[in-house]
$ cat protein_18.txt   # compact mmCIF, C-alpha atoms and all ligand atoms
# COMPACT_ATOMS: atom_id res chain seq x y z
CA MET N 1 -213.16 -13.12 -148.13
CA LEU N 2 -210.35 -10.55 -148.01
CA THR N 3 -206.86 -12.00 -148.32
CA SER N 4 -203.84 -9.75 -148.09
CA VAL N 5 -200.27 -10.80 -148.77
CA ASP N 6 -197.49 -8.37 -147.94
CA LEU N 7 -194.80 -8.89 -150.52
CA ASN N 8 -192.55 -6.07 -149.32
CA ALA N 9 -189.88 -8.67 -148.63
CA VAL N 10 -189.10 -8.72 -152.33
CA TYR N 11 -189.02 -4.94 -152.64
CA LYS N 12 -185.43 -3.76 -152.95
CA PRO N 13 -184.13 -0.30 -151.95
CA GLY N 14 -182.73 2.05 -154.58
CA PRO N 15 -179.16 2.01 -155.91
CA GLU N 16 -176.60 3.87 -153.77
CA GLY N 17 -179.37 5.15 -151.58
CA GLY N 18 -180.34 7.59 -154.36
CA ILE N 19 -183.75 8.28 -155.76
CA PHE N 20 -185.07 5.04 -157.17
CA PRO N 21 -187.20 5.44 -160.28
CA VAL N 22 -190.03 3.36 -158.87
CA MET N 23 -193.24 3.44 -160.79
CA ARG N 24 -195.82 1.95 -158.47
CA VAL N 25 -198.90 0.97 -160.39
CA LEU N 26 -202.03 -0.40 -158.76
CA ALA N 27 -203.69 -2.95 -161.05
CA LEU N 28 -207.40 -3.58 -160.49
CA ASN N 29 -208.88 -6.64 -162.18
CA CYS N 30 -212.64 -6.89 -161.55
CA GLY N 31 -214.56 -9.99 -162.56
CA SER N 32 -218.24 -10.72 -162.10
CA SER N 33 -217.68 -12.39 -158.72
CA SER N 34 -214.19 -11.37 -157.59
CA VAL N 35 -211.75 -8.47 -157.52
CA LYS N 36 -208.02 -9.01 -157.79
CA SER N 37 -205.64 -6.18 -157.10
CA ALA N 38 -201.89 -5.81 -156.90
CA LEU N 39 -199.54 -2.93 -156.29
CA ILE N 40 -196.68 -3.49 -158.70
CA ASP N 41 -193.17 -2.06 -158.67
CA THR N 42 -192.84 -1.87 -162.44
CA VAL N 43 -189.08 -1.30 -162.39
CA GLN N 44 -188.42 -4.56 -160.55
CA GLY N 45 -191.41 -6.21 -162.23
CA ARG N 46 -192.55 -7.38 -158.76
CA ARG N 47 -195.61 -7.25 -156.56
CA MET N 48 -195.28 -5.05 -153.47
CA GLN N 49 -198.68 -6.00 -152.12
CA GLU N 50 -201.79 -7.81 -153.30
CA ILE N 51 -205.37 -8.03 -152.12
CA HIS N 52 -208.08 -10.31 -153.51
CA VAL N 53 -211.76 -10.17 -152.67
CA ASP N 54 -213.19 -13.54 -153.71
CA GLU N 55 -216.90 -13.11 -153.00
CA VAL N 56 -218.08 -9.60 -153.83
CA GLY N 57 -221.66 -10.69 -153.15
CA GLY N 58 -223.25 -8.43 -155.76
CA ASP N 59 -221.80 -5.21 -154.32
CA LEU N 60 -218.72 -4.57 -156.39
CA PRO N 61 -218.36 -0.83 -155.56
CA ALA N 62 -218.35 -1.68 -151.81
CA ALA N 63 -215.68 -4.34 -152.39
CA VAL N 64 -213.57 -1.85 -154.36
CA ASP N 65 -213.94 0.79 -151.61
CA LYS N 66 -212.84 -1.69 -148.97
CA LEU N 67 -209.84 -2.76 -150.97
CA LEU N 68 -208.74 0.79 -151.86
CA ALA N 69 -208.96 1.81 -148.21
CA SER N 70 -205.98 -0.52 -147.57
CA TYR N 71 -203.92 1.08 -150.33
CA ARG N 72 -204.81 4.59 -149.11
CA LYS N 73 -203.21 3.78 -145.76
CA LEU N 74 -199.78 3.34 -147.38
CA ALA N 75 -197.12 5.98 -146.75
CA SER N 76 -196.63 8.34 -149.70
CA SER N 77 -193.32 6.66 -150.61
CA GLN N 78 -195.23 3.38 -151.04
CA ALA N 79 -198.52 4.66 -152.45
CA PRO N 80 -199.72 4.00 -156.01
CA GLU N 81 -198.57 6.53 -158.61
CA ALA N 82 -201.05 5.29 -161.22
CA VAL N 83 -204.01 2.91 -161.35
CA VAL N 84 -204.79 0.54 -164.22
CA HIS N 85 -208.13 -1.15 -164.79
CA ARG N 86 -208.87 -4.21 -166.92
CA VAL N 87 -211.72 -3.71 -169.37
CA VAL N 88 -212.71 -6.77 -171.40
CA HIS N 89 -214.08 -5.13 -174.54
CA GLY N 90 -212.44 -2.18 -176.25
CA GLY N 91 -214.47 -2.52 -179.48
CA GLU N 92 -213.01 -0.87 -182.60
CA THR N 93 -211.83 2.16 -180.65
CA PHE N 94 -209.34 1.08 -178.01
CA ARG N 95 -206.13 -0.57 -179.19
CA ASP N 96 -203.67 0.65 -176.55
CA PRO N 97 -203.55 1.32 -172.82
CA THR N 98 -205.69 4.45 -172.56
CA ARG N 99 -205.73 7.22 -169.96
CA LEU N 100 -209.21 7.58 -168.54
CA ASP N 101 -211.20 10.79 -168.46
CA ASP N 102 -214.93 11.46 -168.64
CA SER N 103 -215.06 11.35 -172.42
CA VAL N 104 -213.10 8.06 -172.67
CA LEU N 105 -215.41 6.56 -170.03
CA ALA N 106 -218.47 7.63 -172.03
CA GLN N 107 -217.00 5.87 -175.09
CA ILE N 108 -216.32 2.68 -173.09
CA GLU N 109 -219.88 2.77 -171.78
CA GLN N 110 -221.15 2.67 -175.36
CA LEU N 111 -219.48 -0.74 -175.73
CA ASN N 112 -221.47 -2.32 -172.88
CA HIS N 113 -223.71 -4.23 -175.29
CA LEU N 114 -220.65 -6.07 -176.66
CA ALA N 115 -219.69 -7.48 -173.22
CA PRO N 116 -222.77 -7.15 -171.00
CA LEU N 117 -221.39 -9.42 -168.26
CA HIS N 118 -217.92 -7.89 -168.12
CA ASN N 119 -217.76 -4.20 -169.09
CA PRO N 120 -220.43 -2.77 -166.71
CA PRO N 121 -218.78 -4.09 -163.50
CA ALA N 122 -215.41 -2.77 -164.71
CA LEU N 123 -216.96 0.67 -165.26
CA ALA N 124 -218.53 0.62 -161.79
CA ALA N 125 -215.13 -0.18 -160.29
CA ILE N 126 -213.40 2.54 -162.32
CA ASN N 127 -215.86 5.15 -161.06
CA ARG N 128 -215.25 4.14 -157.44
CA ALA N 129 -211.49 4.08 -157.86
CA ARG N 130 -211.37 7.50 -159.56
CA ALA N 131 -213.38 8.93 -156.67
CA ASP N 132 -211.18 7.21 -154.06
CA LEU N 133 -207.81 7.98 -155.68
CA PRO N 134 -208.44 11.23 -157.60
CA ASP N 135 -204.84 12.51 -157.65
CA VAL N 136 -203.21 9.82 -159.78
CA PRO N 137 -203.76 8.96 -163.45
CA HIS N 138 -206.12 6.08 -164.18
CA PHE N 139 -205.63 3.88 -167.25
CA ALA N 140 -207.61 1.10 -168.89
CA VAL N 141 -206.16 -1.89 -170.72
CA PHE N 142 -208.42 -3.96 -172.97
CA ASP N 143 -208.60 -7.73 -173.52
CA THR N 144 -209.41 -7.14 -177.18
CA ALA N 145 -206.53 -4.71 -177.91
CA PHE N 146 -203.79 -7.27 -178.68
CA HIS N 147 -205.97 -8.68 -181.47
CA ALA N 148 -206.24 -5.34 -183.31
CA THR N 149 -203.65 -6.80 -185.73
CA LEU N 150 -205.91 -9.64 -186.98
CA PRO N 151 -205.79 -9.66 -190.78
CA ASP N 152 -209.14 -8.98 -192.46
CA TYR N 153 -209.61 -12.61 -193.54
CA ALA N 154 -209.33 -13.76 -189.90
CA ARG N 155 -211.35 -10.83 -188.56
CA GLU N 156 -214.49 -11.03 -190.70
CA TYR N 157 -217.41 -13.47 -190.76
CA ALA N 158 -218.64 -14.64 -194.16
CA LEU N 159 -221.85 -12.61 -193.93
CA PRO N 160 -223.04 -9.94 -196.39
CA SER N 161 -221.06 -6.73 -195.89
CA ASP N 162 -224.14 -4.54 -195.38
CA ILE N 163 -225.24 -6.79 -192.49
CA ARG N 164 -221.74 -6.78 -190.98
CA GLN N 165 -221.56 -2.99 -191.19
CA ARG N 166 -225.05 -2.31 -189.92
CA PHE N 167 -224.63 -4.44 -186.80
CA GLY N 168 -220.88 -3.99 -186.27
CA ILE N 169 -220.34 -7.71 -186.67
CA ARG N 170 -216.70 -8.86 -186.73
CA ARG N 171 -214.31 -10.95 -184.69
CA PHE N 172 -212.44 -9.20 -181.84
CA GLY N 173 -210.74 -11.91 -179.74
CA PHE N 174 -210.09 -11.77 -175.97
CA HIS N 175 -207.51 -12.69 -173.27
CA GLY N 176 -205.14 -10.39 -175.16
CA ILE N 177 -203.40 -9.10 -172.03
CA ASN N 178 -202.30 -12.62 -171.16
CA HIS N 179 -201.58 -13.81 -174.72
CA ALA N 180 -199.23 -10.79 -175.08
CA HIS N 181 -197.62 -11.61 -171.73
CA VAL N 182 -197.06 -15.22 -172.85
CA ALA N 183 -195.41 -14.08 -176.10
CA HIS N 184 -193.03 -11.70 -174.31
CA SER N 185 -192.24 -14.18 -171.52
CA VAL N 186 -191.28 -17.03 -173.86
CA ALA N 187 -189.24 -14.67 -176.06
CA ALA N 188 -187.36 -13.38 -172.99
CA TYR N 189 -186.76 -16.97 -171.78
CA LEU N 190 -185.48 -18.06 -175.21
CA ARG N 191 -183.43 -14.83 -175.50
CA ALA N 192 -185.04 -14.38 -178.89
CA ASP N 193 -186.67 -11.39 -180.52
CA VAL N 194 -190.44 -12.00 -180.37
CA GLN N 195 -190.55 -10.88 -184.02
CA THR N 196 -188.71 -14.06 -185.02
CA LEU N 197 -191.15 -16.47 -183.31
CA ARG N 198 -194.36 -18.25 -184.30
CA ILE N 199 -196.20 -18.89 -181.03
CA ILE N 200 -199.43 -20.78 -180.33
CA SER N 201 -200.70 -19.56 -176.96
CA CYS N 202 -203.40 -21.67 -175.26
CA HIS N 203 -205.14 -19.75 -172.44
CA LEU N 204 -207.13 -22.42 -170.58
CA GLY N 205 -209.02 -20.91 -167.66
CA ASN N 206 -212.76 -20.91 -167.13
CA GLY N 207 -212.91 -18.92 -170.34
CA ALA N 208 -210.43 -20.30 -172.87
CA SER N 209 -208.89 -19.23 -176.14
CA VAL N 210 -206.01 -20.10 -178.45
CA THR N 211 -204.08 -17.38 -180.28
CA ALA N 212 -201.64 -17.59 -183.20
CA ILE N 213 -198.90 -15.00 -182.61
CA ASP N 214 -196.67 -14.50 -185.64
CA GLY N 215 -193.75 -12.12 -185.15
CA GLY N 216 -195.31 -10.72 -181.96
CA ARG N 217 -198.66 -9.96 -183.64
CA SER N 218 -201.95 -11.76 -183.10
CA VAL N 219 -202.89 -13.19 -186.51
CA ASP N 220 -205.77 -15.44 -185.44
CA THR N 221 -207.61 -16.25 -182.25
CA SER N 222 -210.38 -18.67 -181.35
CA MET N 223 -212.79 -16.27 -179.59
CA GLY N 224 -214.78 -14.06 -181.93
CA MET N 225 -217.17 -11.14 -181.68
CA THR N 226 -217.96 -12.35 -178.16
CA PRO N 227 -216.16 -14.78 -175.83
CA LEU N 228 -218.54 -17.58 -176.93
CA GLU N 229 -216.65 -18.82 -179.99
CA GLY N 230 -213.93 -21.45 -180.10
CA LEU N 231 -212.83 -23.89 -177.42
CA VAL N 232 -214.98 -26.00 -175.09
CA MET N 233 -214.87 -23.84 -171.92
CA GLY N 234 -215.97 -24.13 -168.30
CA THR N 235 -219.60 -23.23 -168.98
CA ARG N 236 -219.54 -22.06 -172.64
CA ALA N 237 -220.10 -24.30 -175.63
CA GLY N 238 -217.51 -22.76 -177.95
CA ASP N 239 -217.99 -23.61 -181.63
CA VAL N 240 -221.45 -24.91 -182.52
CA ASP N 241 -223.12 -25.04 -185.92
CA PRO N 242 -225.31 -21.86 -186.03
CA GLY N 243 -227.98 -24.18 -187.46
CA VAL N 244 -228.27 -25.67 -183.97
CA LEU N 245 -229.40 -22.28 -182.67
CA LEU N 246 -231.97 -21.96 -185.46
CA GLN N 247 -233.26 -25.42 -184.56
CA LEU N 248 -233.49 -24.52 -180.86
CA ARG N 249 -235.26 -21.29 -181.75
CA ARG N 250 -237.76 -22.93 -184.13
CA GLU N 251 -238.35 -26.31 -182.52
CA GLY N 252 -237.38 -25.62 -178.90
CA HIS N 253 -238.97 -22.11 -178.88
CA LEU N 254 -236.01 -20.74 -176.91
CA ASP N 255 -235.79 -16.94 -177.00
CA ALA N 256 -232.54 -14.91 -177.14
CA ASP N 257 -232.14 -14.76 -173.34
CA GLN N 258 -232.67 -18.50 -172.99
CA LEU N 259 -230.13 -19.20 -175.73
CA ASP N 260 -227.69 -16.80 -174.08
CA ASP N 261 -228.09 -18.60 -170.75
CA LEU N 262 -227.73 -22.02 -172.40
CA LEU N 263 -224.58 -21.15 -174.38
CA ASN N 264 -222.86 -19.03 -171.72
CA LYS N 265 -223.75 -20.73 -168.47
CA ARG N 266 -225.02 -24.28 -168.96
CA SER N 267 -222.80 -25.67 -171.71
CA GLY N 268 -219.12 -26.56 -172.07
CA LEU N 269 -217.62 -28.81 -169.41
CA LYS N 270 -220.50 -28.08 -167.06
CA GLY N 271 -223.03 -29.25 -169.64
CA LEU N 272 -221.02 -32.34 -170.48
CA ALA N 273 -219.78 -33.41 -167.04
CA GLY N 274 -222.00 -31.58 -164.54
CA THR N 275 -219.11 -29.46 -163.22
CA ASN N 276 -216.64 -26.99 -164.70
CA ASP N 277 -213.88 -27.91 -162.25
CA VAL N 278 -211.27 -29.72 -164.34
CA ARG N 279 -209.68 -31.30 -161.21
CA GLU N 280 -213.01 -32.91 -160.35
CA ILE N 281 -213.57 -34.01 -163.96
CA GLU N 282 -210.11 -35.65 -164.02
CA ARG N 283 -210.85 -37.48 -160.76
CA ARG N 284 -214.20 -38.77 -161.98
CA ALA N 285 -212.79 -39.74 -165.39
CA ASN N 286 -210.12 -41.78 -163.57
CA ALA N 287 -212.89 -43.57 -161.72
CA GLY N 288 -214.57 -44.46 -165.05
CA ASP N 289 -217.29 -41.76 -165.33
CA GLU N 290 -218.27 -41.82 -169.04
CA GLY N 291 -219.50 -38.20 -169.16
CA CYS N 292 -216.19 -36.97 -167.72
CA ILE N 293 -214.14 -39.15 -170.09
CA LEU N 294 -216.06 -37.68 -173.04
CA ALA N 295 -215.74 -34.12 -171.65
CA ILE N 296 -211.93 -34.40 -171.47
CA ALA N 297 -211.75 -35.98 -174.94
CA MET N 298 -213.83 -33.15 -176.46
CA TYR N 299 -211.93 -30.45 -174.56
CA VAL N 300 -208.56 -31.75 -175.80
CA HIS N 301 -209.82 -32.50 -179.33
CA ARG N 302 -210.96 -28.89 -179.80
CA ILE N 303 -207.63 -27.46 -178.56
CA ARG N 304 -205.67 -29.79 -180.87
CA LYS N 305 -207.81 -28.71 -183.83
CA TYR N 306 -206.87 -25.09 -183.23
CA ILE N 307 -203.18 -25.92 -182.68
CA GLY N 308 -203.12 -27.73 -186.05
CA ALA N 309 -205.00 -24.93 -187.78
CA TYR N 310 -202.75 -22.20 -186.41
CA ALA N 311 -199.58 -24.12 -187.29
CA ALA N 312 -200.93 -24.35 -190.84
CA GLU N 313 -201.73 -20.63 -190.88
CA MET N 314 -198.24 -19.61 -189.74
CA GLY N 315 -196.38 -22.22 -191.81
CA GLY N 316 -195.33 -24.02 -188.60
CA ALA N 317 -194.80 -23.14 -184.96
CA ASP N 318 -191.74 -22.53 -182.78
CA VAL N 319 -193.58 -22.49 -179.45
CA ILE N 320 -196.77 -23.97 -178.01
CA ALA N 321 -197.55 -22.45 -174.61
CA PHE N 322 -200.21 -23.41 -172.05
CA THR N 323 -201.40 -20.85 -169.50
CA ALA N 324 -204.20 -20.00 -166.98
CA GLY N 325 -205.75 -22.41 -164.42
CA VAL N 326 -205.91 -25.59 -166.51
CA GLY N 327 -202.85 -24.84 -168.67
CA GLU N 328 -200.70 -24.13 -165.61
CA HIS N 329 -201.87 -26.98 -163.40
CA SER N 330 -203.15 -29.90 -165.43
CA ALA N 331 -200.32 -32.18 -166.59
CA LEU N 332 -202.96 -34.47 -168.14
CA ILE N 333 -204.45 -31.79 -170.39
CA ARG N 334 -201.01 -30.46 -171.42
CA ARG N 335 -199.85 -33.98 -172.26
CA ARG N 336 -202.92 -34.95 -174.25
CA CYS N 337 -202.85 -31.68 -176.21
CA SER N 338 -199.15 -32.19 -177.07
CA GLU N 339 -199.26 -35.86 -178.10
CA ARG N 340 -199.12 -37.04 -181.72
CA LEU N 341 -197.78 -33.70 -182.93
CA GLU N 342 -194.43 -35.21 -184.04
CA PHE N 343 -195.40 -34.43 -187.65
CA MET N 344 -194.97 -30.72 -186.84
CA GLY N 345 -191.78 -31.12 -184.82
CA VAL N 346 -193.15 -31.52 -181.29
CA ALA N 347 -191.39 -33.96 -178.95
CA LEU N 348 -192.90 -34.07 -175.47
CA ASP N 349 -190.96 -34.94 -172.29
CA VAL N 350 -193.63 -36.71 -170.23
CA ALA N 351 -191.57 -36.75 -167.00
CA SER N 352 -190.85 -32.99 -167.03
CA ASN N 353 -194.49 -32.31 -167.87
CA ASP N 354 -195.62 -34.42 -164.89
CA ALA N 355 -193.10 -32.81 -162.52
CA LEU N 356 -193.78 -29.23 -163.64
CA LYS N 357 -194.74 -26.69 -160.92
CA LEU N 358 -195.07 -22.97 -161.50
CA SER N 359 -194.79 -20.26 -158.84
CA SER N 360 -194.21 -16.51 -158.73
CA ASP N 361 -190.46 -17.22 -158.62
CA HIS N 362 -190.73 -19.79 -161.45
CA PRO N 363 -193.46 -18.42 -163.69
CA LEU N 364 -192.43 -20.39 -166.80
CA ALA N 365 -191.24 -23.96 -167.41
CA ALA N 366 -190.38 -25.98 -170.52
CA PHE N 367 -191.58 -29.56 -170.98
CA ASN N 368 -190.39 -30.48 -174.46
CA ALA N 369 -187.82 -33.25 -174.98
CA ALA N 370 -184.26 -32.27 -175.91
CA GLY N 371 -184.10 -31.91 -179.70
CA SER N 372 -187.78 -30.97 -180.09
CA ARG N 373 -188.11 -28.42 -182.90
CA VAL N 374 -191.08 -26.85 -181.10
CA HIS N 375 -190.67 -25.51 -177.57
CA LEU N 376 -193.43 -26.55 -175.15
CA PHE N 377 -194.03 -24.22 -172.20
CA ALA N 378 -196.34 -23.72 -169.27
CA VAL N 379 -196.56 -20.01 -168.41
CA ARG N 380 -198.12 -18.52 -165.32
CA ALA N 381 -200.80 -15.98 -166.17
CA ASP N 382 -200.16 -12.72 -164.33
CA GLU N 383 -202.63 -10.20 -165.62
CA GLU N 384 -201.99 -7.63 -162.88
CA LEU N 385 -198.25 -7.56 -163.62
CA SER N 386 -198.86 -7.32 -167.38
CA MET N 387 -201.41 -4.51 -166.90
CA ALA N 388 -199.02 -2.53 -164.69
CA LEU N 389 -196.07 -2.92 -167.08
CA ALA N 390 -198.22 -1.80 -170.02
CA THR N 391 -199.26 1.29 -168.04
CA ALA N 392 -195.71 2.15 -167.02
CA SER N 393 -194.60 1.93 -170.61
CA ALA N 394 -197.57 4.08 -171.73
CA LEU N 395 -196.46 6.66 -169.16
CA GLY N 396 -192.95 6.51 -170.59
CA VAL N 397 -191.31 4.92 -167.55
CA ASN N 398 -188.45 2.66 -168.49
CA ALA N 399 -190.15 -0.55 -167.33
CA LYS N 400 -188.55 -3.99 -167.31
CA SER N 401 -190.57 -6.23 -169.63
P1 LIG N 501 -210.59 -17.87 -164.56
O1 LIG N 501 -210.78 -17.92 -166.04
O2 LIG N 501 -211.90 -17.87 -163.81
O3 LIG N 501 -209.58 -16.84 -164.08
P2 LIG N 501 -208.58 -19.87 -163.89
O4 LIG N 501 -207.54 -19.39 -164.84
O5 LIG N 501 -208.33 -19.75 -162.44
O6 LIG N 501 -210.01 -19.29 -164.22
O7 LIG N 501 -208.86 -21.41 -164.24
C1 LIG N 501 -209.88 -22.13 -163.61
C2 LIG N 501 -209.82 -23.57 -164.05
O8 LIG N 501 -208.53 -24.12 -163.70
C3 LIG N 501 -210.88 -24.47 -163.40
O9 LIG N 501 -211.46 -25.30 -164.38
C4 LIG N 501 -210.05 -25.32 -162.46
O10 LIG N 501 -210.65 -26.58 -162.29
C5 LIG N 501 -208.75 -25.43 -163.22
N1 LIG N 501 -207.67 -25.89 -162.35
C6 LIG N 501 -207.12 -25.25 -161.30
N2 LIG N 501 -206.19 -26.06 -160.70
C7 LIG N 501 -206.16 -27.22 -161.40
C8 LIG N 501 -205.43 -28.45 -161.28
N3 LIG N 501 -204.54 -28.64 -160.31
N4 LIG N 501 -205.68 -29.42 -162.20
C9 LIG N 501 -206.59 -29.25 -163.17
N5 LIG N 501 -207.30 -28.12 -163.32
C10 LIG N 501 -207.10 -27.11 -162.46
$ encode --input "protein_18.txt" --output "structure tokens"
Amino acid sequence: MLTSVDLNAVYKPGPEGGIFPVMRVLALNCGSSSVKSALIDTVQGRRMQEIHVDEVGGDLPAAVDKLLASYRKLASSQAPEAVVHRVVHGGETFRDPTRLDDSVLAQIEQLNHLAPLHNPPALAAINRARADLPDVPHFAVFDTAFHATLPDYAREYALPSDIRQRFGIRRFGFHGINHAHVAHSVAAYLRADVQTLRIISCHLGNGASVTAIDGGRSVDTSMGMTPLEGLVMGTRAGDVDPGVLLQLRREGHLDADQLDDLLNKRSGLKGLAGTNDVREIERRANAGDEGCILAIAMYVHRIRKYIGAYAAEMGGADVIAFTAGVGEHSALIRRRCSERLEFMGVALDVASNDALKLSSDHPLAAFNAAGSRVHLFAVRADEELSMALATASALGVNAKS
């Protein structure tokens, strides 16, 4: 399904009719089953146009071609001046928005084994887009990059160093584009320097991760070498005793592909409740479904464990923020994650949490009680906007952040 929303209404003409320093960046965000795109005016920090293709039906390059054809029809004064692509895994190499050329693409391709479901479709889309829009610079931003600041004790696994080195085993962390966006959004809202804040950012989408952001730097995060570690997710198990995998290998005779399928696609909320749709799980739990009641309890319990751990790591927290599908929309999950945290200075305002609605005009809302030492926020994830702003600033354009 192709949905197009013309957001030109919010696009403002330049000051005094002069040349307006517009940096129009086209952000392309390719998932395994959908492509999101937005043309962003990075000076206003606004979308000029957006197109989503929800069902790519296994032919991602065709979906990208179709979508780019719409952007190619724009007049030159409206056309993209740069394109930015989201790449999930940047490995050890990529820590900043990076301009793409053949040699950078070859290096990204070498990381495919680290994110086999995510990096190859992104590369396919990049190749199409470079062919379709050859005259503008193309950039990549990486989900792992924000976590390049993890201290060694949070980055390493307690395995022998020769094994870690030989197989490149370490924690990377993901959802960095959005965790960084959350940190900068709450700092801007609080009119505080991000360097003075200790933020716990809970990204709760289908994939989910919590990040501890101390002074603007990621100091710990719940996803690890791959996006399998940490929280209970839509279809991923999150933390399990590695001994369970040994048991399944030895007693259940599951091979690596079967374990991969089990942990990535058949576990998490789906494994517990039969569906990964949190709305549906909430409805069934309300009607007394025991599996759904347990699924919500485990989901919340795991998030609270990480919130407590990260507050301990940072010596407290100034902000707890909830973002992505569940974090933005589920008052129940936000409430249950924020309860009984008075010991660390959290006072929840149940009524403002229940009434909270985010939109593109209101992308952030507070739901702590007056006098709470810790600010509670829901923040709208906007990866395309964050990607475009990062690109504009890499190109040296004075972008609004
Ligand atoms: P993705 O990681 O695929 O981008 P999203 O950030 O869109 O995912 O989050 C998807 C999740 O958000 C799903 O579990 C969905 O059920 C949940 N969600 C969306 N709207 C609501 C809502 N109103 N209440 C509870 N959960 C919601």
$ closest_residue --input "protein_18.txt" --among "N:Val346, N:Val232, N:Ala365, N:Val244" --to "ligand LIG 501 (chain N)" --atoms "all atoms listed in the file"
N:Val232
$ closest_residue --input "protein_18.txt" --among "N:Lys36, N:His329, N:Arg24, N:Arg304" --to "ligand LIG 501 (chain N)" --atoms "only C-alpha atoms and all ligand atoms"
N:His329
$ closest_residue --input "protein_18.txt" --among "N:Leu231, N:Ala324, N:Leu245, N:Val374" --to "ligand LIG 501 (chain N)" --atoms "all atoms listed in the file"
N:Ala324
$ atom_distance --input "protein_18.txt" --atom1 "CA of Cys292 (chain N)" --atom2 "atom O4 of ligand LIG 501 (chain N)"
19.8 Å
$ atom_distance --input "protein_18.txt" --atom1 "CA of Gly230 (chain N)" --atom2 "CA of Tyr306 (chain N)"
8.5 Å
$ residues_near_ligand --input "protein_18.txt" --ligand "ligand LIG 501 (chain N)" --cutoff "7 Å" --atoms "all atoms listed in the file" --output "ChimeraX atom specification"
/N:204-207,234,276-279,324-326,329-330
$ axis_aligned_box --input "protein_18.txt" --around "region 97-109 of chain N" --padding-each-side "5 Å" --output "lines of an AutoDock Vina configuration file"
center_x = -211.7
center_y = 6.4
center_z = -171.8
size_x = 26.3
size_y = 20.1
size_z = 16.6
$ closest_residue --input "protein_18.txt" --among "N:His85, N:Arg266, N:His203, N:Arg250" --to "Ala140 (chain N)" --atoms "all atoms listed in the file"
N:His85
$ atom_distance --input "protein_18.txt" --atom1 "CA of Thr391 (chain N)" --atom2 "CA of Ile126 (chain N)"
15.3 Å
$ closest_residue --input "protein_18.txt" --among "N:Leu254, N:Val88, N:Leu26, N:Met223" --to "Pro116 (chain N)" --atoms "all atoms listed in the file"
N:Val88
$ closest_residue --input "protein_18.txt" --among "N:Leu68, N:Ala154, N:Ala381, N:Ala188" --to "Pro363 (chain N)" --atoms "only C-alpha atoms"
N:Ala381
$ decode --input "protein_18.txt" --residues "region 333-342 of chain N" --atoms "N, CA, C and O atoms" --output "PDB file, in the first residue's frame"
ATOM      1  N   ILE N 333       1.185   0.354  30.083  1.00  0.00           N
ATOM      2  CA  ILE N 333       2.590  -0.062  30.217  1.00  0.00           C
ATOM      3  C   ILE N 333       3.407   1.067  30.858  1.00  0.00           C
ATOM      4  O   ILE N 333       4.210   0.819  31.762  1.00  0.00           O
ATOM      5  N   ARG N 334       3.182   2.313  30.424  1.00  0.00           N
ATOM      6  CA  ARG N 334       3.935   3.431  31.039  1.00  0.00           C
ATOM      7  C   ARG N 334       3.663   3.499  32.534  1.00  0.00           C
ATOM      8  O   ARG N 334       4.563   3.684  33.347  1.00  0.00           O
ATOM      9  N   ARG N 335       2.380   3.347  32.908  1.00  0.00           N
ATOM     10  CA  ARG N 335       2.031   3.440  34.324  1.00  0.00           C
ATOM     11  C   ARG N 335       2.686   2.327  35.122  1.00  0.00           C
ATOM     12  O   ARG N 335       3.334   2.581  36.138  1.00  0.00           O
ATOM     13  N   ARG N 336       2.558   1.100  34.624  1.00  0.00           N
ATOM     14  CA  ARG N 336       3.092  -0.027  35.409  1.00  0.00           C
ATOM     15  C   ARG N 336       4.614   0.006  35.506  1.00  0.00           C
ATOM     16  O   ARG N 336       5.187  -0.436  36.498  1.00  0.00           O
ATOM     17  N   CYS N 337       5.267   0.550  34.472  1.00  0.00           N
ATOM     18  CA  CYS N 337       6.735   0.666  34.542  1.00  0.00           C
ATOM     19  C   CYS N 337       7.162   1.758  35.523  1.00  0.00           C
ATOM     20  O   CYS N 337       8.272   1.714  36.053  1.00  0.00           O
ATOM     21  N   SER N 338       6.295   2.749  35.764  1.00  0.00           N
ATOM     22  CA  SER N 338       6.680   3.920  36.571  1.00  0.00           C
ATOM     23  C   SER N 338       6.210   3.828  38.015  1.00  0.00           C
ATOM     24  O   SER N 338       6.522   4.707  38.825  1.00  0.00           O
ATOM     25  N   GLU N 339       5.440   2.775  38.334  1.00  0.00           N
ATOM     26  CA  GLU N 339       4.926   2.644  39.708  1.00  0.00           C
ATOM     27  C   GLU N 339       6.017   2.151  40.656  1.00  0.00           C
ATOM     28  O   GLU N 339       6.949   1.477  40.247  1.00  0.00           O
ATOM     29  N   ARG N 340       5.833   2.418  41.923  1.00  0.00           N
ATOM     30  CA  ARG N 340       6.730   1.940  42.988  1.00  0.00           C
ATOM     31  C   ARG N 340       8.196   2.291  42.717  1.00  0.00           C
ATOM     32  O   ARG N 340       9.090   1.527  43.014  1.00  0.00           O
ATOM     33  N   LEU N 341       8.400   3.474  42.127  1.00  0.00           N
ATOM     34  CA  LEU N 341       9.770   3.965  41.950  1.00  0.00           C
ATOM     35  C   LEU N 341       9.987   5.211  42.820  1.00  0.00           C
ATOM     36  O   LEU N 341      10.918   5.983  42.583  1.00  0.00           O
ATOM     37  N   GLU N 342       9.112   5.390  43.837  1.00  0.00           N
ATOM     38  CA  GLU N 342       9.236   6.573  44.710  1.00  0.00           C
ATOM     39  C   GLU N 342      10.608   6.610  45.361  1.00  0.00           C
ATOM     40  O   GLU N 342      11.167   7.671  45.596  1.00  0.00           O
TER      41      GLU N 342
END
